[in-house]
>>> print(open('query.csv').read())   # CSV, C-alpha atoms
chain,number,residue,atom,x,y,z
A,520,MET,CA,123.1,100.1,166.5
A,521,LYS,CA,124.9,97.2,164.9
A,522,LYS,CA,123.5,98.2,161.5
A,523,LEU,CA,124.6,101.7,162.0
A,524,LEU,CA,128.1,100.6,163.0
A,525,ILE,CA,128.3,98.4,159.9
A,526,ALA,CA,127.1,101.3,157.7
A,527,LEU,CA,129.7,103.6,159.2
A,528,ALA,CA,132.4,101.1,158.7
A,529,THR,CA,131.4,100.5,155.1
A,530,ALA,CA,131.4,104.2,154.4
A,531,THR,CA,134.8,104.6,156.1
A,532,LEU,CA,136.3,101.9,153.9
A,533,ALA,CA,134.8,103.4,150.8
A,534,THR,CA,136.2,106.8,151.6
A,535,ALA,CA,139.6,105.3,152.2
A,536,ALA,CA,139.5,103.5,148.9
A,537,LEU,CA,138.5,106.6,147.1
A,538,ALA,CA,141.3,108.5,148.8
A,539,GLU,CA,143.8,106.0,147.5
A,540,TYR,CA,142.5,106.1,143.9
A,541,PRO,CA,144.1,105.2,141.6
A,542,GLU,CA,145.8,102.0,142.9
A,543,LYS,CA,146.2,100.4,139.5
A,544,PRO,CA,146.5,101.3,135.8
A,545,VAL,CA,143.8,103.5,134.3
A,546,THR,CA,142.6,102.5,130.8
A,547,VAL,CA,141.6,105.2,128.4
A,548,VAL,CA,139.3,103.8,125.6
A,549,VAL,CA,139.7,105.5,122.2
A,550,PRO,CA,136.7,104.6,120.0
A,551,PHE,CA,138.8,104.7,116.8
A,552,ALA,CA,141.8,103.0,115.3
A,553,ALA,CA,145.3,103.7,116.4
A,554,GLY,CA,147.1,106.5,114.5
A,555,GLY,CA,144.1,108.7,113.9
A,556,PRO,CA,143.6,112.2,115.2
A,557,THR,CA,141.7,111.2,118.4
A,558,ASP,CA,144.3,108.5,119.1
A,559,LYS,CA,147.1,111.1,118.8
A,560,VAL,CA,145.3,113.4,121.3
A,561,ALA,CA,144.7,110.4,123.7
A,562,ARG,CA,148.3,109.2,123.7
A,563,ASP,CA,149.6,112.7,124.3
A,564,LEU,CA,147.1,113.2,127.1
A,565,ALA,CA,148.0,109.7,128.6
A,566,ASP,CA,151.6,110.7,128.8
A,567,ALA,CA,150.7,113.8,130.8
A,568,LEU,CA,148.1,112.0,133.0
A,569,ARG,CA,150.7,109.4,134.1
A,570,LYS,CA,152.6,112.1,135.8
A,571,GLN,CA,149.5,113.2,137.7
A,572,LEU,CA,147.9,109.9,138.6
A,573,LYS,CA,151.2,108.2,139.5
A,574,GLN,CA,149.9,105.1,137.6
A,575,PRO,CA,150.3,103.7,134.1
A,576,VAL,CA,147.6,105.1,131.7
A,577,ILE,CA,146.9,102.5,129.0
A,578,ILE,CA,145.3,103.4,125.7
A,579,GLU,CA,142.8,100.8,124.3
A,580,ASN,CA,141.6,101.3,120.8
A,581,VAL,CA,138.1,100.0,120.3
A,582,GLY,CA,137.2,101.1,116.8
A,583,GLY,CA,134.1,100.5,114.7
A,584,ALA,CA,130.6,101.8,114.1
A,585,GLY,CA,131.7,105.4,114.0
A,586,GLY,CA,133.0,105.4,117.6
A,587,THR,CA,129.9,103.9,119.1
A,588,LEU,CA,131.4,100.5,120.0
A,589,GLY,CA,134.1,102.0,122.2
A,590,ALA,CA,131.7,104.4,123.8
A,591,ALA,CA,129.3,101.6,124.6
A,592,LYS,CA,132.1,99.6,126.2
A,593,VAL,CA,132.8,102.4,128.6
A,594,ALA,CA,129.1,103.0,129.3
A,595,LYS,CA,128.9,99.3,130.4
A,596,ALA,CA,132.2,99.3,132.3
A,597,SER,CA,132.5,99.1,136.1
A,598,PRO,CA,132.0,102.7,137.5
A,599,ASP,CA,135.3,102.7,139.5
A,600,GLY,CA,137.4,105.2,137.5
A,601,TYR,CA,139.7,102.6,135.9
A,602,THR,CA,138.0,102.7,132.5
A,603,VAL,CA,137.4,106.1,130.9
A,604,LEU,CA,136.5,107.3,127.4
A,605,LEU,CA,138.2,110.0,125.3
A,606,HIS,CA,135.8,110.8,122.5
A,607,HIS,CA,135.3,113.6,120.0
A,608,ILE,CA,132.3,115.4,118.5
A,609,GLY,CA,130.8,112.0,117.8
A,610,MET,CA,129.4,112.1,121.3
A,611,ALA,CA,127.0,114.8,120.1
A,612,THR,CA,126.3,113.6,116.6
A,613,SER,CA,125.8,109.9,117.2
A,614,PRO,CA,122.3,110.3,118.7
A,615,ALA,CA,121.1,111.7,115.3
A,616,LEU,CA,123.3,109.4,113.1
A,617,TYR,CA,122.3,106.1,114.7
A,618,ARG,CA,118.8,104.9,115.0
A,619,LYS,CA,119.7,102.3,117.6
A,620,LEU,CA,122.4,103.8,119.7
A,621,PRO,CA,123.5,101.3,122.5
A,622,TYR,CA,123.8,104.0,125.1
A,623,ASP,CA,122.4,107.4,126.2
A,624,THR,CA,124.9,110.1,125.5
A,625,LEU,CA,123.7,112.4,128.3
A,626,ASN,CA,122.6,109.9,130.9
A,627,ASP,CA,125.0,106.9,130.7
A,628,PHE,CA,128.2,108.8,131.5
A,629,GLU,CA,129.7,111.0,134.1
A,630,TYR,CA,131.3,114.0,132.3
A,631,VAL,CA,134.9,114.6,133.4
A,632,GLY,CA,135.7,117.6,131.2
A,633,MET,CA,136.6,118.9,127.8
A,634,VAL,CA,140.2,118.7,126.5
A,635,ASN,CA,140.7,120.6,123.3
A,636,GLU,CA,139.2,121.9,120.1
A,637,VAL,CA,140.7,121.2,116.6
A,638,PRO,CA,140.0,123.6,113.7
A,639,MET,CA,139.1,122.3,110.3
A,640,THR,CA,140.1,123.4,106.8
A,641,LEU,CA,138.3,123.4,103.5
A,642,VAL,CA,140.8,122.0,101.0
A,643,GLY,CA,140.8,120.9,97.3
A,644,ARG,CA,142.8,119.0,94.8
A,645,SER,CA,145.8,121.0,93.5
A,646,THR,CA,144.4,121.1,89.9
A,647,LEU,CA,141.2,122.9,90.8
A,648,PRO,CA,141.0,126.1,88.8
A,649,ALA,CA,139.9,128.1,91.8
A,650,ASN,CA,142.6,129.7,94.1
A,651,ASN,CA,140.4,131.5,96.7
A,652,MET,CA,136.9,131.3,98.2
A,653,ALA,CA,135.4,133.7,95.8
A,654,GLU,CA,136.7,131.7,92.8
A,655,LEU,CA,135.7,128.4,94.5
A,656,ARG,CA,132.1,129.6,95.0
A,657,LYS,CA,131.9,130.5,91.3
A,658,TRP,CA,133.4,127.1,90.3
A,659,ILE,CA,130.9,125.3,92.6
A,660,ASP,CA,127.9,127.1,91.1
A,661,ALA,CA,129.2,126.4,87.5
A,662,ASN,CA,129.7,122.7,88.2
A,663,LYS,CA,126.6,121.6,90.1
A,664,GLY,CA,126.1,117.9,89.9
A,665,LYS,CA,129.7,117.2,89.0
A,666,ILE,CA,131.5,117.9,92.3
A,667,ASN,CA,133.0,115.0,94.4
A,668,LEU,CA,133.4,115.7,98.2
A,669,ALA,CA,135.5,113.2,100.1
A,670,ASN,CA,135.1,112.2,103.7
A,671,ALA,CA,136.6,109.7,106.1
A,672,GLY,CA,133.3,107.8,106.6
A,673,LEU,CA,129.8,108.3,108.1
A,674,GLY,CA,130.0,110.3,111.3
A,675,ALA,CA,133.6,111.3,110.7
A,676,ALA,CA,134.6,114.9,111.3
A,677,SER,CA,135.1,115.4,107.5
A,678,HIS,CA,131.6,114.0,106.8
A,679,LEU,CA,130.0,116.4,109.3
A,680,CYS,CA,131.9,119.4,108.1
A,681,GLY,CA,131.2,118.5,104.5
A,682,LEU,CA,127.5,118.0,105.2
A,683,LEU,CA,127.2,121.5,106.8
A,684,PHE,CA,129.2,123.0,103.9
A,685,GLN,CA,126.8,121.6,101.3
A,686,GLN,CA,123.9,123.0,103.2
A,687,SER,CA,125.5,126.4,103.6
A,688,VAL,CA,126.3,126.8,99.9
A,689,GLY,CA,123.0,125.3,98.8
A,690,VAL,CA,124.6,122.8,96.5
A,691,ASP,CA,124.4,119.0,96.7
A,692,MET,CA,127.7,117.3,96.0
A,693,THR,CA,128.5,113.6,95.4
A,694,THR,CA,129.9,112.5,98.8
A,695,VAL,CA,132.6,109.9,98.6
A,696,PRO,CA,133.1,108.1,101.9
A,697,TYR,CA,136.4,106.3,102.7
A,698,LYS,CA,137.5,104.0,105.4
A,699,GLY,CA,139.5,106.7,107.2
A,700,THR,CA,141.2,109.9,106.5
A,701,ALA,CA,144.4,108.5,104.9
A,702,PRO,CA,142.7,106.9,101.9
A,703,ALA,CA,140.5,110.0,101.5
A,704,MET,CA,143.6,112.3,101.5
A,705,THR,CA,145.4,109.9,99.1
A,706,ASP,CA,142.6,110.3,96.5
A,707,LEU,CA,142.5,114.1,97.0
A,708,LEU,CA,146.2,114.2,96.4
A,709,GLY,CA,145.8,112.1,93.3
A,710,GLY,CA,143.0,114.3,92.0
A,711,GLN,CA,140.3,111.6,92.1
A,712,VAL,CA,138.1,113.8,94.3
A,713,ASP,CA,137.6,117.6,94.3
A,714,LEU,CA,137.1,118.8,97.8
A,715,MET,CA,137.4,117.7,101.5
A,716,CYS,CA,136.8,119.5,104.8
A,717,ASP,CA,139.0,118.0,107.5
A,718,GLN,CA,141.0,118.7,110.6
A,719,THR,CA,144.2,120.6,110.6
A,720,THR,CA,145.8,117.5,112.2
A,721,ASN,CA,145.3,115.9,108.8
A,722,THR,CA,145.6,118.7,106.3
A,723,THR,CA,148.3,121.1,107.5
A,724,GLN,CA,151.3,119.1,106.2
A,725,GLN,CA,149.8,118.7,102.8
A,726,ILE,CA,148.8,122.4,102.7
A,727,GLU,CA,152.4,123.5,103.6
A,728,SER,CA,153.9,121.2,100.9
A,729,GLY,CA,151.6,122.7,98.3
A,730,LYS,CA,150.2,119.3,97.3
A,731,ILE,CA,146.6,120.5,98.0
A,732,LYS,CA,144.9,123.9,97.9
A,733,ALA,CA,143.5,125.4,101.0
A,734,PHE,CA,140.5,127.8,100.8
A,735,ALA,CA,139.3,128.6,104.3
A,736,VAL,CA,139.1,127.6,107.9
A,737,THR,CA,135.9,126.6,109.8
A,738,THR,CA,136.6,128.5,113.0
A,739,PRO,CA,134.9,131.9,113.9
A,740,LYS,CA,138.3,133.6,113.8
A,741,ARG,CA,141.4,133.1,111.7
A,742,LEU,CA,144.0,130.7,113.0
A,743,ALA,CA,147.2,131.8,114.7
A,744,MET,CA,149.3,129.0,113.1
A,745,PRO,CA,151.8,130.7,110.8
A,746,SER,CA,151.2,128.4,107.8
A,747,LEU,CA,147.5,128.9,107.9
A,748,ALA,CA,147.2,132.4,109.3
A,749,LYS,CA,146.3,133.9,105.9
A,750,LEU,CA,143.4,131.6,105.3
A,751,PRO,CA,140.0,133.4,105.7
A,752,THR,CA,137.2,131.9,107.7
A,753,LEU,CA,134.1,130.5,106.0
A,754,ASP,CA,132.1,133.0,107.9
A,755,GLU,CA,133.9,136.0,106.5
A,756,SER,CA,133.8,134.4,103.1
A,757,GLY,CA,130.0,134.7,103.0
A,758,LEU,CA,128.8,131.6,104.9
A,759,LYS,CA,127.6,133.6,107.9
A,760,GLY,CA,127.6,131.7,111.2
A,761,PHE,CA,129.6,128.8,109.8
A,762,ALA,CA,131.6,127.4,112.8
A,763,VAL,CA,132.9,123.8,113.2
A,764,SER,CA,135.6,122.5,115.4
A,765,ILE,CA,136.3,119.0,116.4
A,766,TRP,CA,136.5,118.8,120.2
A,767,HIS,CA,137.6,116.1,122.6
A,768,GLY,CA,136.2,115.3,126.0
A,769,MET,CA,136.7,112.7,128.8
A,770,TYR,CA,133.9,110.6,130.2
A,771,ALA,CA,133.5,107.8,132.8
A,772,PRO,CA,130.7,105.3,133.3
A,773,LYS,CA,127.5,106.5,135.0
A,774,GLY,CA,127.7,106.0,138.8
A,775,THR,CA,131.4,106.6,139.1
A,776,PRO,CA,131.8,108.2,142.6
A,777,LYS,CA,132.1,112.0,142.6
A,778,ALA,CA,135.4,111.8,144.5
A,779,VAL,CA,136.9,109.7,141.6
A,780,ILE,CA,135.5,112.1,139.0
A,781,ASP,CA,137.0,115.0,140.9
A,782,LYS,CA,140.4,113.3,141.0
A,783,LEU,CA,140.2,112.6,137.3
A,784,ASN,CA,139.2,116.1,136.5
A,785,GLY,CA,142.1,117.5,138.6
A,786,ALA,CA,144.6,115.2,136.9
A,787,MET,CA,143.2,116.2,133.5
A,788,ARG,CA,143.4,120.0,134.3
A,789,ALA,CA,147.0,119.6,135.4
A,790,ALA,CA,147.8,117.4,132.3
A,791,LEU,CA,146.5,120.1,130.0
A,792,LYS,CA,149.1,122.5,131.4
A,793,ASP,CA,152.0,120.0,130.9
A,794,PRO,CA,154.5,121.7,128.6
A,795,GLU,CA,155.0,118.6,126.4
A,796,PHE,CA,151.3,118.1,126.0
A,797,ALA,CA,150.9,121.8,125.0
A,798,LYS,CA,153.7,121.5,122.5
A,799,HIS,CA,152.2,118.5,120.8
A,800,GLN,CA,148.8,120.1,120.7
A,801,GLU,CA,150.1,123.2,119.1
A,802,ALA,CA,151.9,121.1,116.5
A,803,LEU,CA,148.6,119.4,115.7
A,804,GLY,CA,146.8,122.8,115.4
A,805,ALA,CA,144.7,122.0,118.4
A,806,VAL,CA,143.6,124.6,121.0
A,807,ILE,CA,143.6,123.4,124.6
A,808,VAL,CA,140.4,124.3,126.5
A,809,THR,CA,140.9,126.9,129.3
A,810,ASP,CA,137.3,128.0,130.0
A,811,ALA,CA,134.5,126.6,132.2
A,812,ARG,CA,134.1,123.6,129.9
A,813,LEU,CA,137.0,122.1,131.7
A,814,GLY,CA,134.5,121.1,134.3
A,815,GLY,CA,132.1,118.2,133.8
A,816,ALA,CA,128.9,120.2,134.2
A,817,GLU,CA,129.8,122.9,131.7
A,818,HIS,CA,131.1,120.3,129.3
A,819,LYS,CA,127.8,118.5,129.5
A,820,LYS,CA,125.9,121.7,128.7
A,821,PHE,CA,128.2,122.2,125.7
A,822,VAL,CA,127.5,118.7,124.4
A,823,GLU,CA,123.7,119.3,124.8
A,824,SER,CA,124.1,122.4,122.6
A,825,GLU,CA,126.1,120.4,120.1
A,826,ILE,CA,123.3,117.8,119.9
A,827,ALA,CA,120.8,120.5,119.3
A,828,LYS,CA,123.0,122.0,116.6
A,829,TRP,CA,123.9,118.8,114.7
A,830,GLY,CA,120.7,116.8,115.1
A,831,PRO,CA,118.6,118.9,112.7
A,832,ALA,CA,121.4,119.2,110.1
A,833,ILE,CA,121.9,115.4,110.0
A,834,LYS,CA,118.2,114.6,109.9
A,835,ALA,CA,117.6,117.1,107.1
A,836,ALA,CA,120.3,115.4,105.1
A,837,GLY,CA,118.7,112.0,105.8
A,838,GLN,CA,122.1,110.4,106.4
A,839,TYR,CA,121.7,107.7,109.0
A,840,ALA,CA,123.6,104.5,110.0
A,841,ASP,CA,121.8,101.4,111.0
>>> encode(input="query.csv", output="structure tokens")
Amino acid sequence: MKKLLIALATATLATAALAEYPEKPVTVVVPFAAGGPTDKVARDLADALRKQLKQPVIIENVGGAGGTLGAAKVAKASPDGYTVLLHHIGMATSPALYRKLPYDTLNDFEYVGMVNEVPMTLVGRSTLPANNMAELRKWIDANKGKINLANAGLGAASHLCGLLFQQSVGVDMTTVPYKGTAPAMTDLLGGQVDLMCDQTTNTTQQIESGKIKAFAVTTPKRLAMPSLAKLPTLDESGLKGFAVSIWHGMYAPKGTPKAVIDKLNGAMRAALKDPEFAKHQEALGAVIVTDARLGGAEHKKFVESEIAKWGPAIKAAGQYAD
């Protein structure tokens, strides 16, 4: 009887603690440097989450190793809901990119839900002779072995999109990795590289200013953004089935109580409806998720499908990180 009473008392205290969650600041780990696209999304989301959780929401940037250092930190954190991860498509591509990943993407996290999807654009230096996709395809075929394709580093969104683009057109290009999007864009603007495939969060301003040429978007449908609405999709330009978007999701350490995950998910869903958050996401060209992937279970299924999609493409290219 005594053991039963103790167990009941412990369960009661745990339930009360969960009911009061959160009682202190919540830290959102961003596995990339401050100022980048994922960091921008995280900071906008944190502003909206504060209103829902009634506690400070702190952003902690833990960059390095293509996002794996920050993800590993959260995987090893206390499963109490006070340390969570905001990560992008790297959650699905890291298992193929890294031979010794310090965590298991599908089994070391509790999936909270998916936040948004960011379209990508295929862009080129302003001096390229091509002005549309048909002309670009001809130029690529005529310049095999001479084309430079920039990216923001191994595992970056631009690297993944560029990898898929090369495979789709059947032409190997000289990939030029940079330490981030900013230096890659600087060299594209300067004409040192020919092409890049990157997120609208990084390319829209330069496209609008006419400093780079835009050829197509990577989404299944054309974008609603006024400045990019006339751009064709790569699918309709002859690369059938080409579809790449950079999504973001929220995760907690494995073992975080379901009641806490439910509170985080509820706060996230409400935050995504916040007018200020929606305004900022629209300005970035991001699309807020409204379907079943808002839930942890469906988001996990989606990540599993992304792992199945990207794994073979990465392995076929033989591009790994130690």
>>> closest_residue(input="query.csv", among="A:Leu647, A:Val545, A:Val808, A:Ile726", to="Lys573 of chain A", atoms="all atoms listed in the file")
A:Val545
>>> atom_distance(input="query.csv", atom1="atom CA of Glu579 of chain A", atom2="atom CA of Gly554 of chain A")
12.1 Å
>>> closest_atom_pairs(input="query.csv", of="segment 760-795 of chain A", to="segment 714-719 of chain A", cutoff="10 Å", atoms="all atoms listed in the file", output="tab-separated table")
residue	atom	partner	partner_atom	distance
A:Val763	CA	A:Gln718	CA	9.9
A:Ser764	CA	A:Gln718	CA	8.2
A:Ile765	CA	A:Gln718	CA	7.5
>>> atom_distance(input="query.csv", atom1="atom CA of Tyr617 of chain A", atom2="atom CA of Pro702 of chain A")
24.1 Å
>>> residues_around(input="query.csv", residues="Ala789 of chain A", least_positions_apart="5", cutoff="10 Å", atoms="all atoms listed in the file", output="ChimeraX atom specification")
/A:567-568,570-571,783-784
>>> closest_residue(input="query.csv", among="A:Leu620, A:Ala786, A:Ala805, A:Val549", to="Ala743 of chain A", atoms="all atoms listed in the file")
A:Ala805
>>> residues_around(input="query.csv", residues="segment 822-830 of chain A", least_positions_apart="5", cutoff="8 Å", atoms="only C-alpha atoms", output="PDB file with C-alpha atoms, in the frame of the given file")
ATOM      1  CA  MET A 610     129.400 112.100 121.300  1.00  0.00           C
ATOM      2  CA  ALA A 611     127.000 114.800 120.100  1.00  0.00           C
ATOM      3  CA  THR A 612     126.300 113.600 116.600  1.00  0.00           C
ATOM      4  CA  PRO A 614     122.300 110.300 118.700  1.00  0.00           C
ATOM      5  CA  ALA A 615     121.100 111.700 115.300  1.00  0.00           C
ATOM      6  CA  LEU A 625     123.700 112.400 128.300  1.00  0.00           C
TER       7      LEU A 625
END
>>> closest_residue(input="query.csv", among="A:Gly672, A:Pro544, A:Gly643, A:Gly600", to="Val631 of chain A", atoms="all atoms listed in the file")
A:Gly600
>>> atom_distance(input="query.csv", atom1="atom CA of Phe628 of chain A", atom2="atom CA of Leu791 of chain A")
21.6 Å
>>> residues_around(input="query.csv", residues="segment 586-598 of chain A", least_positions_apart="6", cutoff="6 Å", atoms="all atoms listed in the file", output="mmCIF file with C-alpha atoms, in the frame of the given file")
data_model
loop_
_atom_site.group_PDB
_atom_site.id
_atom_site.type_symbol
_atom_site.label_atom_id
_atom_site.label_comp_id
_atom_site.auth_asym_id
_atom_site.auth_seq_id
_atom_site.Cartn_x
_atom_site.Cartn_y
_atom_site.Cartn_z
ATOM 1 C CA PRO A 550 136.700 104.600 120.000
ATOM 2 C CA PHE A 551 138.800 104.700 116.800
ATOM 3 C CA ASP A 627 125.000 106.900 130.700
ATOM 4 C CA PRO A 772 130.700 105.300 133.300
ATOM 5 C CA GLY A 774 127.700 106.000 138.800
ATOM 6 C CA THR A 775 131.400 106.600 139.100
#
>>> closest_residue(input="query.csv", among="A:Glu801, A:Glu629, A:Asp558, A:Asp566", to="Pro776 of chain A", atoms="all atoms listed in the file")
A:Glu629
>>> closest_residue(input="query.csv", among="A:Val576, A:Ala836, A:Ile780, A:Leu758", to="Gly632 of chain A", atoms="all atoms listed in the file")
A:Ile780
>>> closest_residue(input="query.csv", among="A:Val806, A:Leu813, A:Ala584, A:Leu750", to="Gly785 of chain A", atoms="only C-alpha atoms")
A:Leu813
>>> build_atoms(input="query.csv", residues="segment 571-603 of chain A", atoms="N, CA and C atoms", output="short mmCIF file (atom, residue, chain, number, x, y, z; two decimals), in the frame of the given file")
data_model
loop_
_atom_site.label_atom_id
_atom_site.label_comp_id
_atom_site.auth_asym_id
_atom_site.auth_seq_id
_atom_site.Cartn_x
_atom_site.Cartn_y
_atom_site.Cartn_z
N GLN A 571 150.44 112.75 136.71
CA GLN A 571 149.50 113.20 137.70
C GLN A 571 148.91 112.11 138.55
N LEU A 572 148.57 111.01 137.91
CA LEU A 572 147.90 109.90 138.60
C LEU A 572 148.89 108.94 139.26
N LYS A 573 150.17 109.04 138.88
CA LYS A 573 151.20 108.20 139.50
C LYS A 573 150.92 106.69 139.18
N GLN A 574 150.26 106.43 138.08
CA GLN A 574 149.90 105.10 137.60
C GLN A 574 150.04 105.01 136.13
N PRO A 575 150.26 103.81 135.59
CA PRO A 575 150.30 103.70 134.10
C PRO A 575 148.88 104.07 133.57
N VAL A 576 148.88 104.72 132.43
CA VAL A 576 147.60 105.10 131.70
C VAL A 576 147.70 104.37 130.37
N ILE A 577 146.83 103.41 130.18
CA ILE A 577 146.90 102.50 129.00
C ILE A 577 145.82 102.98 127.98
N ILE A 578 146.23 103.05 126.73
CA ILE A 578 145.30 103.40 125.70
C ILE A 578 144.76 102.07 125.06
N GLU A 579 143.45 101.96 124.97
CA GLU A 579 142.80 100.80 124.30
C GLU A 579 141.96 101.30 123.16
N ASN A 580 142.36 100.91 121.97
CA ASN A 580 141.60 101.30 120.80
C ASN A 580 140.48 100.31 120.51
N VAL A 581 139.25 100.82 120.55
CA VAL A 581 138.10 100.00 120.30
C VAL A 581 137.31 100.67 119.15
N GLY A 582 137.75 100.46 117.92
CA GLY A 582 137.20 101.10 116.80
C GLY A 582 135.92 100.40 116.27
N GLY A 583 135.23 101.06 115.35
CA GLY A 583 134.10 100.50 114.70
C GLY A 583 132.79 101.23 114.97
N ALA A 584 131.90 101.19 113.99
CA ALA A 584 130.60 101.80 114.10
C ALA A 584 130.65 103.30 114.46
N GLY A 585 131.58 104.01 113.83
CA GLY A 585 131.70 105.40 114.00
C GLY A 585 131.97 105.88 115.47
N GLY A 586 132.65 105.02 116.21
CA GLY A 586 133.00 105.40 117.60
C GLY A 586 132.02 104.86 118.62
N THR A 587 130.91 104.28 118.18
CA THR A 587 129.90 103.90 119.10
C THR A 587 130.22 102.60 119.90
N LEU A 588 131.05 101.74 119.31
CA LEU A 588 131.40 100.50 120.00
C LEU A 588 132.28 100.80 121.23
N GLY A 589 133.25 101.68 121.05
CA GLY A 589 134.10 102.00 122.20
C GLY A 589 133.35 102.78 123.26
N ALA A 590 132.47 103.69 122.85
CA ALA A 590 131.70 104.40 123.80
C ALA A 590 130.76 103.50 124.60
N ALA A 591 130.17 102.54 123.90
CA ALA A 591 129.30 101.60 124.60
C ALA A 591 130.04 100.73 125.57
N LYS A 592 131.27 100.39 125.25
CA LYS A 592 132.10 99.60 126.20
C LYS A 592 132.30 100.32 127.48
N VAL A 593 132.59 101.61 127.39
CA VAL A 593 132.80 102.40 128.60
C VAL A 593 131.52 102.60 129.36
N ALA A 594 130.42 102.81 128.65
CA ALA A 594 129.10 103.00 129.30
C ALA A 594 128.76 101.77 130.16
N LYS A 595 129.21 100.59 129.73
CA LYS A 595 128.90 99.30 130.40
C LYS A 595 129.97 98.91 131.41
N ALA A 596 131.07 99.66 131.48
CA ALA A 596 132.20 99.30 132.30
C ALA A 596 131.89 99.53 133.80
N SER A 597 132.68 98.93 134.66
CA SER A 597 132.50 99.10 136.10
C SER A 597 132.78 100.61 136.43
N PRO A 598 131.90 101.24 137.20
CA PRO A 598 132.00 102.70 137.50
C PRO A 598 133.03 102.93 138.66
N ASP A 599 134.27 102.55 138.42
CA ASP A 599 135.30 102.70 139.50
C ASP A 599 136.42 103.64 139.10
N GLY A 600 136.33 104.25 137.91
CA GLY A 600 137.40 105.20 137.50
C GLY A 600 138.54 104.60 136.80
N TYR A 601 138.52 103.29 136.59
CA TYR A 601 139.70 102.60 135.90
C TYR A 601 139.45 102.43 134.45
N THR A 602 138.27 102.75 133.96
CA THR A 602 138.00 102.70 132.50
C THR A 602 137.29 104.02 132.16
N VAL A 603 137.94 104.83 131.33
CA VAL A 603 137.40 106.10 130.90
C VAL A 603 137.39 106.20 129.40
#
